[in-house]
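Colleague: For reference, the file data_3.tsv (TSV, C-alpha atoms and all ligand atoms) is included below:
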```tsv
chain	number	residue	atom	x	y	z
A	13	MET	CA	-19.68	-8.70	-16.47
A	14	THR	CA	-20.04	-5.30	-14.84
A	15	ILE	CA	-17.88	-3.23	-12.50
A	16	GLU	CA	-20.57	-1.03	-10.95
A	17	ILE	CA	-18.70	-0.58	-7.72
A	18	GLN	CA	-19.91	2.48	-5.83
A	19	ARG	CA	-19.29	1.62	-2.18
A	20	VAL	CA	-15.69	0.94	-1.21
A	21	GLY	CA	-14.23	0.08	2.19
A	22	VAL	CA	-10.60	0.70	3.12
A	23	VAL	CA	-9.20	-0.99	6.22
A	24	GLY	CA	-6.33	1.04	7.67
A	25	CYS	CA	-5.56	4.69	6.98
A	26	GLY	CA	-1.78	4.83	7.26
A	27	LEU	CA	0.49	5.77	4.36
A	28	MET	CA	-1.04	3.34	1.89
A	29	GLY	CA	-4.62	3.19	3.14
A	30	SER	CA	-4.95	6.98	3.06
A	31	GLY	CA	-3.65	7.08	-0.52
A	32	ILE	CA	-6.03	4.31	-1.61
A	33	ALA	CA	-8.98	6.04	0.08
A	34	GLU	CA	-7.99	9.31	-1.61
A	35	VAL	CA	-7.84	7.90	-5.15
A	36	CYS	CA	-11.16	6.07	-4.67
A	37	ALA	CA	-12.88	9.22	-3.36
A	38	ARG	CA	-11.42	11.23	-6.24
A	39	ALA	CA	-12.82	8.64	-8.66
A	40	GLY	CA	-16.33	9.45	-7.39
A	41	LEU	CA	-16.81	6.45	-5.07
A	42	GLN	CA	-18.29	6.47	-1.58
A	43	VAL	CA	-15.41	5.47	0.70
A	44	LEU	CA	-15.71	4.18	4.25
A	45	VAL	CA	-12.41	3.93	6.11
A	46	ARG	CA	-11.84	1.82	9.24
A	47	GLU	CA	-9.17	2.75	11.75
A	48	ILE	CA	-8.55	1.40	15.23
A	49	ASP	CA	-9.70	4.44	17.21
A	50	GLU	CA	-10.98	8.02	16.83
A	51	ALA	CA	-7.47	9.51	17.02
A	52	ALA	CA	-6.26	7.26	14.18
A	53	CYS	CA	-9.36	8.20	12.13
A	54	GLU	CA	-8.58	11.90	12.65
A	55	SER	CA	-4.93	11.56	11.69
A	56	GLY	CA	-5.92	9.46	8.64
A	57	ARG	CA	-8.38	12.14	7.55
A	58	GLY	CA	-5.68	14.79	8.07
A	59	ARG	CA	-3.26	12.82	5.88
A	60	ILE	CA	-5.81	12.57	3.06
A	61	VAL	CA	-6.80	16.25	3.24
A	62	GLY	CA	-3.10	17.24	3.32
A	63	SER	CA	-2.47	15.21	0.17
A	64	LEU	CA	-5.55	16.64	-1.57
A	65	ASP	CA	-4.32	20.14	-0.64
A	66	ARG	CA	-0.97	19.33	-2.28
A	67	GLY	CA	-2.91	18.21	-5.36
A	68	VAL	CA	-4.76	21.56	-5.41
A	69	ALA	CA	-1.54	23.54	-4.82
A	70	SER	CA	0.12	21.82	-7.78
A	71	GLY	CA	-2.89	22.35	-10.07
A	72	LYS	CA	-3.83	18.65	-10.28
A	73	LEU	CA	-7.37	19.22	-8.98
A	74	SER	CA	-9.67	22.15	-8.24
A	75	GLU	CA	-10.79	23.21	-4.77
A	76	GLU	CA	-14.28	22.03	-5.67
A	77	GLU	CA	-12.99	18.56	-6.62
A	78	ARG	CA	-11.05	18.40	-3.36
A	79	ASP	CA	-14.15	19.31	-1.32
A	80	GLU	CA	-16.28	16.75	-3.18
A	81	ALA	CA	-13.67	14.06	-2.55
A	82	VAL	CA	-13.61	14.92	1.18
A	83	ASP	CA	-17.44	14.71	1.27
A	84	ARG	CA	-17.32	11.16	-0.12
A	85	LEU	CA	-15.11	9.97	2.75
A	86	SER	CA	-16.39	8.66	6.05
A	87	PHE	CA	-14.66	6.95	8.94
A	88	THR	CA	-15.51	4.24	11.43
A	89	VAL	CA	-13.82	2.16	14.10
A	90	ASP	CA	-16.17	-0.78	13.49
A	91	LEU	CA	-15.73	-3.24	10.62
A	92	ALA	CA	-19.37	-4.31	11.03
A	93	GLU	CA	-20.23	-1.09	9.14
A	94	PHE	CA	-18.69	-2.66	6.02
A	95	ALA	CA	-21.83	-4.83	5.54
A	96	ASP	CA	-22.90	-2.98	2.35
A	97	ARG	CA	-19.45	-2.64	0.73
A	98	GLN	CA	-18.93	-3.93	-2.83
A	99	LEU	CA	-15.13	-3.75	-2.69
A	100	VAL	CA	-12.90	-3.71	0.37
A	101	VAL	CA	-9.17	-2.97	0.26
A	102	GLU	CA	-7.25	-3.98	3.37
A	103	ALA	CA	-4.15	-1.84	3.96
A	104	ILE	CA	-3.05	-2.49	7.54
A	105	ALA	CA	0.50	-3.31	8.72
A	106	GLU	CA	2.32	-6.27	7.14
A	107	ASP	CA	1.33	-8.67	9.92
A	108	GLU	CA	-0.06	-11.99	8.78
A	109	GLY	CA	-2.04	-12.65	11.99
A	110	LEU	CA	-3.73	-9.25	11.92
A	111	LYS	CA	-4.49	-9.48	8.21
A	112	THR	CA	-6.05	-12.95	8.41
A	113	GLU	CA	-8.17	-11.72	11.31
A	114	VAL	CA	-9.42	-8.80	9.18
A	115	PHE	CA	-10.29	-11.14	6.28
A	116	ALA	CA	-12.15	-13.54	8.58
A	117	THR	CA	-14.15	-10.59	9.93
A	118	LEU	CA	-14.86	-9.19	6.46
A	119	ASP	CA	-16.10	-12.61	5.41
A	120	ARG	CA	-18.62	-12.51	8.26
A	121	VAL	CA	-19.81	-8.92	7.78
A	122	VAL	CA	-19.77	-8.13	4.03
A	123	GLU	CA	-23.20	-9.21	2.79
A	124	ASP	CA	-22.70	-9.17	-1.00
A	125	ARG	CA	-21.16	-12.56	-1.84
A	126	ASP	CA	-19.80	-11.05	-5.09
A	127	ALA	CA	-17.97	-8.27	-3.26
A	128	ILE	CA	-14.24	-8.21	-3.94
A	129	LEU	CA	-12.06	-8.56	-0.84
A	130	ALA	CA	-8.64	-7.18	-1.74
A	131	SER	CA	-5.39	-6.78	0.14
A	132	ASN	CA	-2.72	-4.19	-0.46
A	133	THR	CA	-0.15	-6.57	1.04
A	134	SER	CA	3.37	-6.25	-0.37
A	135	SER	CA	4.50	-9.70	0.55
A	136	ILE	CA	2.06	-11.92	2.46
A	137	PRO	CA	0.71	-14.82	0.35
A	138	VAL	CA	-2.76	-13.91	-0.94
A	139	MET	CA	-3.70	-17.56	-0.50
A	140	LYS	CA	-3.37	-17.25	3.29
A	141	LEU	CA	-5.84	-14.33	3.24
A	142	GLY	CA	-8.20	-16.18	0.89
A	143	ILE	CA	-8.41	-19.27	3.05
A	144	ALA	CA	-9.16	-17.14	6.12
A	145	THR	CA	-12.55	-16.66	4.41
A	146	ASP	CA	-15.22	-18.95	3.01
A	147	ARG	CA	-14.98	-17.10	-0.31
A	148	PRO	CA	-11.36	-17.36	-1.53
A	149	ALA	CA	-12.60	-16.93	-5.14
A	150	GLN	CA	-13.37	-13.27	-4.29
A	151	VAL	CA	-10.04	-12.56	-2.57
A	152	LEU	CA	-7.00	-11.15	-4.37
A	153	GLY	CA	-4.01	-8.84	-3.97
A	154	VAL	CA	-4.38	-5.30	-5.32
A	155	HIS	CA	-1.03	-3.71	-4.58
A	156	PHE	CA	-0.64	0.07	-4.91
A	157	PHE	CA	2.56	2.14	-4.80
A	158	ASN	CA	3.49	5.04	-2.58
A	159	PRO	CA	2.56	7.88	-3.10
A	160	VAL	CA	-0.68	6.29	-4.35
A	161	PRO	CA	-2.17	9.46	-5.92
A	162	VAL	CA	1.02	9.98	-7.93
A	163	LEU	CA	2.24	6.52	-8.98
A	164	LYS	CA	0.23	4.78	-11.70
A	165	LEU	CA	1.06	1.16	-11.02
A	166	VAL	CA	-1.18	-1.48	-9.45
A	167	GLU	CA	-0.04	-5.11	-9.17
A	168	LEU	CA	-2.93	-7.58	-9.36
A	169	VAL	CA	-2.23	-10.82	-7.56
A	170	PRO	CA	-4.77	-13.62	-7.85
A	171	SER	CA	-4.17	-16.66	-5.65
A	172	LEU	CA	-4.66	-20.21	-6.92
A	173	MET	CA	-8.23	-19.93	-5.60
A	174	THR	CA	-9.18	-16.49	-7.04
A	175	SER	CA	-11.77	-16.70	-9.81
A	176	ASP	CA	-10.97	-15.31	-13.26
A	177	GLU	CA	-14.06	-13.13	-12.97
A	178	THR	CA	-12.83	-11.52	-9.73
A	179	THR	CA	-9.45	-10.80	-11.34
A	180	ALA	CA	-11.08	-9.35	-14.46
A	181	ARG	CA	-13.42	-7.14	-12.39
A	182	ALA	CA	-10.52	-5.88	-10.25
A	183	ASP	CA	-8.49	-5.20	-13.41
A	184	ARG	CA	-11.30	-3.14	-14.93
A	185	PHE	CA	-11.86	-1.31	-11.67
A	186	ALA	CA	-8.16	-0.33	-11.39
A	187	THR	CA	-7.79	0.69	-15.03
A	188	GLU	CA	-11.20	2.18	-15.88
A	189	VAL	CA	-12.30	3.64	-12.55
A	190	LEU	CA	-8.99	4.53	-10.90
A	191	ASN	CA	-7.07	5.15	-14.14
A	192	LYS	CA	-4.16	2.98	-12.98
A	193	ARG	CA	-1.78	0.83	-15.03
A	194	VAL	CA	-2.09	-2.85	-14.08
A	195	ILE	CA	0.49	-5.61	-14.17
A	196	ARG	CA	-0.19	-9.14	-12.95
A	197	SER	CA	1.94	-11.29	-10.72
A	198	THR	CA	1.70	-14.80	-9.40
A	199	ASP	CA	1.20	-15.19	-5.66
A	200	ARG	CA	4.87	-15.23	-4.63
A	201	ALA	CA	6.35	-13.09	-1.84
A	202	GLY	CA	7.18	-9.58	-3.08
A	203	PHE	CA	5.28	-9.98	-6.36
A	204	VAL	CA	7.10	-8.38	-9.31
A	205	VAL	CA	8.18	-4.99	-7.99
A	206	ASN	CA	9.29	-5.73	-4.45
A	207	ALA	CA	11.11	-8.91	-5.48
A	208	LEU	CA	13.30	-6.60	-7.60
A	209	LEU	CA	13.26	-3.45	-5.44
A	210	ILE	CA	13.95	-4.86	-1.96
A	211	PRO	CA	17.34	-6.49	-2.77
A	212	TYR	CA	18.41	-3.12	-4.23
A	213	LEU	CA	17.36	-1.22	-1.08
A	214	LEU	CA	19.03	-3.81	1.18
A	215	SER	CA	22.25	-3.54	-0.88
A	216	ALA	CA	22.28	0.22	-0.32
A	217	ILE	CA	21.84	-0.30	3.44
A	218	ARG	CA	24.66	-2.88	3.47
A	219	MET	CA	26.84	-0.41	1.56
A	220	LEU	CA	26.16	2.27	4.17
A	221	GLU	CA	26.66	-0.17	7.06
A	222	SER	CA	30.05	-1.31	5.76
A	223	GLY	CA	31.33	2.25	5.37
A	224	PHE	CA	31.56	1.87	1.58
A	225	ALA	CA	30.01	5.35	1.02
A	226	THR	CA	27.90	7.96	2.81
A	227	ALA	CA	24.10	7.99	2.64
A	228	GLU	CA	24.19	11.21	0.61
A	229	ASP	CA	26.69	9.79	-1.89
A	230	ILE	CA	24.80	6.52	-2.30
A	231	ASP	CA	21.59	8.43	-3.03
A	232	THR	CA	23.23	11.06	-5.23
A	233	GLY	CA	24.87	8.24	-7.20
A	234	MET	CA	21.52	6.72	-8.17
A	235	VAL	CA	19.71	10.06	-8.71
A	236	GLU	CA	22.37	11.73	-10.83
A	237	GLY	CA	23.94	8.60	-12.33
A	238	CYS	CA	20.80	6.63	-13.17
A	239	SER	CA	18.09	9.31	-13.18
A	240	HIS	CA	16.05	7.69	-10.41
A	241	PRO	CA	13.60	10.17	-8.82
A	242	MET	CA	15.14	9.48	-5.39
A	243	GLY	CA	18.04	7.44	-4.05
A	244	PRO	CA	17.56	4.05	-2.31
A	245	LEU	CA	18.00	5.29	1.27
A	246	ARG	CA	15.60	8.20	0.85
A	247	LEU	CA	13.18	5.78	-0.82
A	248	THR	CA	13.49	3.38	2.14
A	249	ASP	CA	12.63	6.34	4.39
A	250	LEU	CA	9.56	7.02	2.21
A	251	ILE	CA	8.39	3.39	2.24
A	252	GLY	CA	9.08	3.07	5.99
A	253	LEU	CA	11.93	1.02	7.46
A	254	ASP	CA	9.44	-1.21	9.30
A	255	THR	CA	7.61	-2.02	6.07
A	256	THR	CA	10.91	-2.61	4.23
A	257	LEU	CA	12.00	-4.99	7.00
A	258	ALA	CA	8.69	-6.85	6.97
A	259	VAL	CA	8.82	-7.30	3.20
A	260	ALA	CA	12.47	-8.43	3.33
A	261	ASP	CA	11.60	-10.95	6.06
A	262	SER	CA	8.78	-12.38	3.94
A	263	LEU	CA	11.00	-12.62	0.86
A	264	TYR	CA	13.75	-14.30	2.86
A	265	GLN	CA	11.31	-16.73	4.42
A	266	GLU	CA	9.87	-17.63	1.01
A	267	PHE	CA	13.05	-17.97	-1.08
A	268	LYS	CA	15.89	-18.40	1.50
A	269	GLU	CA	18.17	-16.33	-0.74
A	270	PRO	CA	20.88	-14.24	1.06
A	271	LEU	CA	20.04	-11.24	-1.12
A	272	TYR	CA	16.73	-10.92	0.75
A	273	ALA	CA	18.24	-11.20	4.26
A	274	PRO	CA	17.74	-7.91	6.16
A	275	PRO	CA	21.04	-6.30	7.21
A	276	PRO	CA	21.47	-5.78	10.99
A	277	LEU	CA	21.48	-1.97	10.58
A	278	LEU	CA	17.91	-2.10	9.24
A	279	SER	CA	16.75	-4.28	12.15
A	280	ARG	CA	18.45	-2.05	14.74
A	281	MET	CA	16.94	1.12	13.27
A	282	VAL	CA	13.45	-0.38	13.35
A	283	GLU	CA	13.98	-1.51	16.95
A	284	ALA	CA	15.00	2.09	17.77
A	285	GLY	CA	11.83	3.48	16.17
A	286	LEU	CA	13.78	5.14	13.34
A	287	LEU	CA	11.19	4.31	10.71
A	288	GLY	CA	11.84	7.02	8.12
A	289	ARG	CA	9.56	9.90	7.17
A	290	LYS	CA	6.67	8.68	9.28
A	291	SER	CA	8.74	8.96	12.50
A	292	ALA	CA	10.62	12.06	11.26
A	293	ARG	CA	13.93	10.16	11.28
A	294	GLY	CA	15.40	7.29	9.31
A	295	PHE	CA	18.51	7.57	7.18
A	296	TYR	CA	17.68	11.30	7.08
A	297	GLU	CA	15.82	13.70	9.35
A	298	TYR	CA	12.44	15.23	8.44
A	299	ARG	CA	10.13	17.87	9.82
A	300	PRO	CA	7.64	16.13	12.17
A	301	ARG	CA	4.18	15.84	10.54
A	401	LIG	N1	-2.59	14.31	-6.18
A	401	LIG	C1	-2.12	14.45	-7.42
A	401	LIG	N2	-0.85	14.77	-7.70
A	401	LIG	C2	-0.03	14.99	-6.67
A	401	LIG	C3	-0.46	14.85	-5.34
A	401	LIG	C4	-1.82	14.49	-5.11
A	401	LIG	N3	-2.33	14.31	-3.90
A	401	LIG	N4	0.60	15.10	-4.54
A	401	LIG	C5	1.65	15.37	-5.35
A	401	LIG	N5	1.26	15.31	-6.64
A	401	LIG	C6	2.06	15.49	-7.85
A	401	LIG	C7	2.74	16.85	-7.91
A	401	LIG	O1	1.85	17.78	-8.48
A	401	LIG	C8	3.90	16.58	-8.85
A	401	LIG	O2	3.44	16.60	-10.19
A	401	LIG	P1	4.37	17.14	-11.42
A	401	LIG	O3	5.55	16.20	-11.46
A	401	LIG	O4	3.47	17.03	-12.60
A	401	LIG	O5	4.74	18.52	-11.02
A	401	LIG	C9	4.28	15.13	-8.52
A	401	LIG	O6	3.12	14.57	-7.87
A	401	LIG	C10	5.47	15.01	-7.61
A	401	LIG	O7	5.19	15.69	-6.38
A	401	LIG	P2	6.24	16.67	-5.67
A	401	LIG	O8	6.70	17.74	-6.63
A	401	LIG	O9	5.60	17.10	-4.40
A	401	LIG	O10	7.44	15.74	-5.27
A	401	LIG	P3	8.74	15.30	-6.04
A	401	LIG	O11	8.83	15.81	-7.42
A	401	LIG	O12	9.85	15.55	-5.09
A	401	LIG	O13	8.48	13.72	-6.17
A	401	LIG	C11	7.97	11.52	-5.45
A	401	LIG	C12	8.22	12.96	-5.03
A	401	LIG	C13	6.67	11.42	-6.24
A	401	LIG	C14	7.84	10.73	-4.14
A	401	LIG	C15	9.15	11.03	-6.35
A	401	LIG	O14	10.37	11.30	-5.71
A	401	LIG	C16	9.07	9.55	-6.61
A	401	LIG	O15	8.32	9.09	-7.46
A	401	LIG	N6	9.90	8.74	-5.89
A	401	LIG	C17	9.92	7.30	-6.02
A	401	LIG	C18	8.77	6.70	-5.27
A	401	LIG	C19	8.74	5.21	-5.37
A	401	LIG	O16	9.62	4.54	-5.92
A	401	LIG	N7	7.70	4.64	-4.78
A	401	LIG	C20	7.52	3.20	-4.75
A	401	LIG	C21	7.82	2.72	-3.39
A	401	LIG	S1	7.61	0.97	-3.30
A	401	LIG	C22	6.05	0.79	-2.77
A	401	LIG	O17	5.31	1.69	-2.55
A	401	LIG	C23	5.59	-0.59	-2.65
A	401	LIG	C24	5.84	-1.34	-1.43
A	401	LIG	O18	5.14	-2.29	-1.27
A	401	LIG	C25	6.94	-1.10	-0.51
```
Just give me the structure of the file as structure tokens.
Modeller:
Amino acid sequence: MTIEIQRVGVVGCGLMGSGIAEVCARAGLQVLVREIDEAACESGRGRIVGSLDRGVASGKLSEEERDEAVDRLSFTVDLAEFADRQLVVEAIAEDEGLKTEVFATLDRVVEDRDAILASNTSSIPVMKLGIATDRPAQVLGVHFFNPVPVLKLVELVPSLMTSDETTARADRFATEVLNKRVIRSTDRAGFVVNALLIPYLLSAIRMLESGFATAEDIDTGMVEGCSHPMGPLRLTDLIGLDTTLAVADSLYQEFKEPLYAPPPLLSRMVEAGLLGRKSARGFYEYRPR
């Protein structure tokens, strides 16, 4: 069994897709990124370069390494250009219809039948993505954490149809090529981390909504009292309120447990476009990017 993956495709260059593209380019791989139009490609490229610049500023990589990583990145608006990819990571919005469409297209265009077709989904059953293709044995969840260049964890999520060889190759790719730490989860909504994290974030939102404590005090409580790097409301802003809501909806749909039910405040904020850092306002305000 060999890894020998050189050509990677990343579908979507938002928060997660840009981080995944960055770590792959930094690992020496040729990375082709698909976004929906030229403007989205440009803003995705800007996000990656901005993150690489932060890496240089904090001494994590040299200017030369940054420039080499940028040279390994290219962008397209056409998934047909993924024909020669050996690994594709889909990282678009948590929308089941859109994701299954992407997998059906990848199945048609990616020529290597051994190529791994991975999804960074946080909550959509990997099985549904696998059966959108004629090669479910090559489809699995490879779930990264935000910020991707900083956080070590990757959850590997094989579906009932994923072959052991695909899982083993993806495991070796994540650990040996990307230098990540892998845990495995069964194909259940939320996998390991979000099944634990989302009820905690929703509890903090309910606490704020009921007037139990202020946003600042809730966050300070968890930072100073439990040594978390950031409090739950600031973390929800980092993840994106829309993503948090989508993951909560999937968890609630799967398990029907009240602890996964999104509180009305979260739904209203998403409807208002208050999505957190990415929209410059969520539970806190941020400088527009
Ligand atoms: N490359 C390499 N290193 C980088 C980098 C880059 N592009 N950008 C930043 N860094 C490094 C910095 O050099 C710094 O390193 P040191 O600690 O060694 O100095 C470190 O990353 C932290 O960066 P900052 O100093 O800029 O920021 P910070 O100290 O305020 O930490 C944070 C910010 C990393 C976001 C931290 O607050 C944190 O870890 N928060 C929790 C994040 C979390 O829980 N994420 C999971 C979300 S859940 C999810 O993603 C899954 C889902 O499906 C919803």
Colleague: Set the distance at 7 Å and use all atoms listed in the file: which residues neighbour region 194-206 of chain A once local chain neighbours fewer than 2 positions away are removed? I'd like the list as a PyMOL selection string.
Modeller: chain A and resi 134-138+165-171+183+187+192+208-210+259+262-263+266
Colleague: Could you check the closest approach to Met139 (chain A) for each of A:Asp83, A:Glu108, A:Glu102, A:Asp249 and tell me which residue wins, using only C-alpha atoms?
Modeller: A:Glu108
Colleague: Considering all atoms listed in the file, return as a list in words whatever protein or nucleic-acid residues lie within 12 Å of Leu163 (chain A), sequence-local ones (same chain, fewer than 2 positions apart) excluded.
Modeller: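 What passes the distance filter is Met28, Gly31, Ile32, Val35, His155, Phe156, Phe157, Asn158, Pro159, Val160, Pro161, Leu165, Val166, Glu167, Leu190, Asn191, Lys192, Arg193, Val194 and Pro241 of chain A.
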Colleague: Can you tell me how far CA of Gly21 (chain A) sits from CA of Val154 (chain A), in Å to one decimal?
Modeller: 13.5 Å
Colleague: Pick out the closest residue to ligand LIG 401 (chain A) from this set: A:Ala186, A:Ala180, A:Met234, A:Ile143. Count only C-alpha atoms and all ligand atoms.
Modeller: A:Met234
Colleague: Box time for ligand LIG 401 (chain A): axis-aligned, enclosing all its listed atoms, 5 Å extra on each side; report centre and edge lengths in Å to one decimal, as JSON.
Modeller:
```
{"center_x": 3.9, "center_y": 8.1, "center_z": -6.6, "size_x": 23.0, "size_y": 30.8, "size_z": 22.1}
```
Colleague: Hey, which of A:Leu44, A:Ala284, A:Leu257, A:Ala182 ends up closest to ligand LIG 401 (chain A)? Count only C-alpha atoms and all ligand atoms.
Modeller: A:Leu257
Colleague: So which one's closest to ligand LIG 401 (chain A), A:Arg147, A:Arg280, A:Arg246, A:Arg293? Using only C-alpha atoms and all ligand atoms, please.
Modeller: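 Answer, going by the shortest atom-to-atom distance: A:Arg246.
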Colleague: To one decimal place in Å, what is the distance between CA of Lys140 (chain A) and CA of Cys25 (chain A)?
Modeller: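 So the two atoms, CA of Lys140 (chain A) and CA of Cys25 (chain A), lie 22.4 Å apart.
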Colleague: Which one is closest to Tyr212 (chain A): A:Gly109, A:Gly288, A:Pro244, A:Gly294? Count only C-alpha atoms.
Modeller: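 With only C-alpha atoms as the atom set, the closest residue is A:Pro244.
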Colleague: In Å, rounded to a single decimal, give me how far CA of Gly71 (chain A) is from CA of Arg301 (chain A).
Modeller: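 About the pair CA of Arg301 (chain A) and CA of Gly71 (chain A): they are 22.7 Å apart.
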Colleague: Hey, which of A:Gln18, A:Gly153, A:Arg38, A:Ile104 ends up closest to Glu76 (chain A)? Count only C-alpha atoms.
Modeller: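 Looking at the shortest contact to Glu76 (chain A), the residue is A:Arg38.
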Colleague: List as a PDB file with C-alpha atoms, in the frame of the given file the residues having at least one atom at most 12 Å from position (-15.3, -1.5, 9.0) as given in the file, counting only C-alpha atoms.
Modeller:
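Below is the file part_2.pdb, written as the result:
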```
ATOM      1  CA  VAL A  20     -15.690   0.940  -1.210  1.00  0.00           C
ATOM      2  CA  GLY A  21     -14.230   0.080   2.190  1.00  0.00           C
ATOM      3  CA  VAL A  22     -10.600   0.700   3.120  1.00  0.00           C
ATOM      4  CA  VAL A  23      -9.200  -0.990   6.220  1.00  0.00           C
ATOM      5  CA  GLY A  24      -6.330   1.040   7.670  1.00  0.00           C
ATOM      6  CA  CYS A  25      -5.560   4.690   6.980  1.00  0.00           C
ATOM      7  CA  VAL A  43     -15.410   5.470   0.700  1.00  0.00           C
ATOM      8  CA  LEU A  44     -15.710   4.180   4.250  1.00  0.00           C
ATOM      9  CA  VAL A  45     -12.410   3.930   6.110  1.00  0.00           C
ATOM     10  CA  ARG A  46     -11.840   1.820   9.240  1.00  0.00           C
ATOM     11  CA  GLU A  47      -9.170   2.750  11.750  1.00  0.00           C
ATOM     12  CA  ILE A  48      -8.550   1.400  15.230  1.00  0.00           C
ATOM     13  CA  ASP A  49      -9.700   4.440  17.210  1.00  0.00           C
ATOM     14  CA  CYS A  53      -9.360   8.200  12.130  1.00  0.00           C
ATOM     15  CA  SER A  86     -16.390   8.660   6.050  1.00  0.00           C
ATOM     16  CA  PHE A  87     -14.660   6.950   8.940  1.00  0.00           C
ATOM     17  CA  THR A  88     -15.510   4.240  11.430  1.00  0.00           C
ATOM     18  CA  VAL A  89     -13.820   2.160  14.100  1.00  0.00           C
ATOM     19  CA  ASP A  90     -16.170  -0.780  13.490  1.00  0.00           C
ATOM     20  CA  LEU A  91     -15.730  -3.240  10.620  1.00  0.00           C
ATOM     21  CA  ALA A  92     -19.370  -4.310  11.030  1.00  0.00           C
ATOM     22  CA  GLU A  93     -20.230  -1.090   9.140  1.00  0.00           C
ATOM     23  CA  PHE A  94     -18.690  -2.660   6.020  1.00  0.00           C
ATOM     24  CA  ALA A  95     -21.830  -4.830   5.540  1.00  0.00           C
ATOM     25  CA  ASP A  96     -22.900  -2.980   2.350  1.00  0.00           C
ATOM     26  CA  ARG A  97     -19.450  -2.640   0.730  1.00  0.00           C
ATOM     27  CA  LEU A  99     -15.130  -3.750  -2.690  1.00  0.00           C
ATOM     28  CA  VAL A 100     -12.900  -3.710   0.370  1.00  0.00           C
ATOM     29  CA  VAL A 101      -9.170  -2.970   0.260  1.00  0.00           C
ATOM     30  CA  GLU A 102      -7.250  -3.980   3.370  1.00  0.00           C
ATOM     31  CA  VAL A 114      -9.420  -8.800   9.180  1.00  0.00           C
ATOM     32  CA  PHE A 115     -10.290 -11.140   6.280  1.00  0.00           C
ATOM     33  CA  THR A 117     -14.150 -10.590   9.930  1.00  0.00           C
ATOM     34  CA  LEU A 118     -14.860  -9.190   6.460  1.00  0.00           C
ATOM     35  CA  ASP A 119     -16.100 -12.610   5.410  1.00  0.00           C
ATOM     36  CA  ARG A 120     -18.620 -12.510   8.260  1.00  0.00           C
ATOM     37  CA  VAL A 121     -19.810  -8.920   7.780  1.00  0.00           C
ATOM     38  CA  VAL A 122     -19.770  -8.130   4.030  1.00  0.00           C
TER      39      VAL A 122
END
```
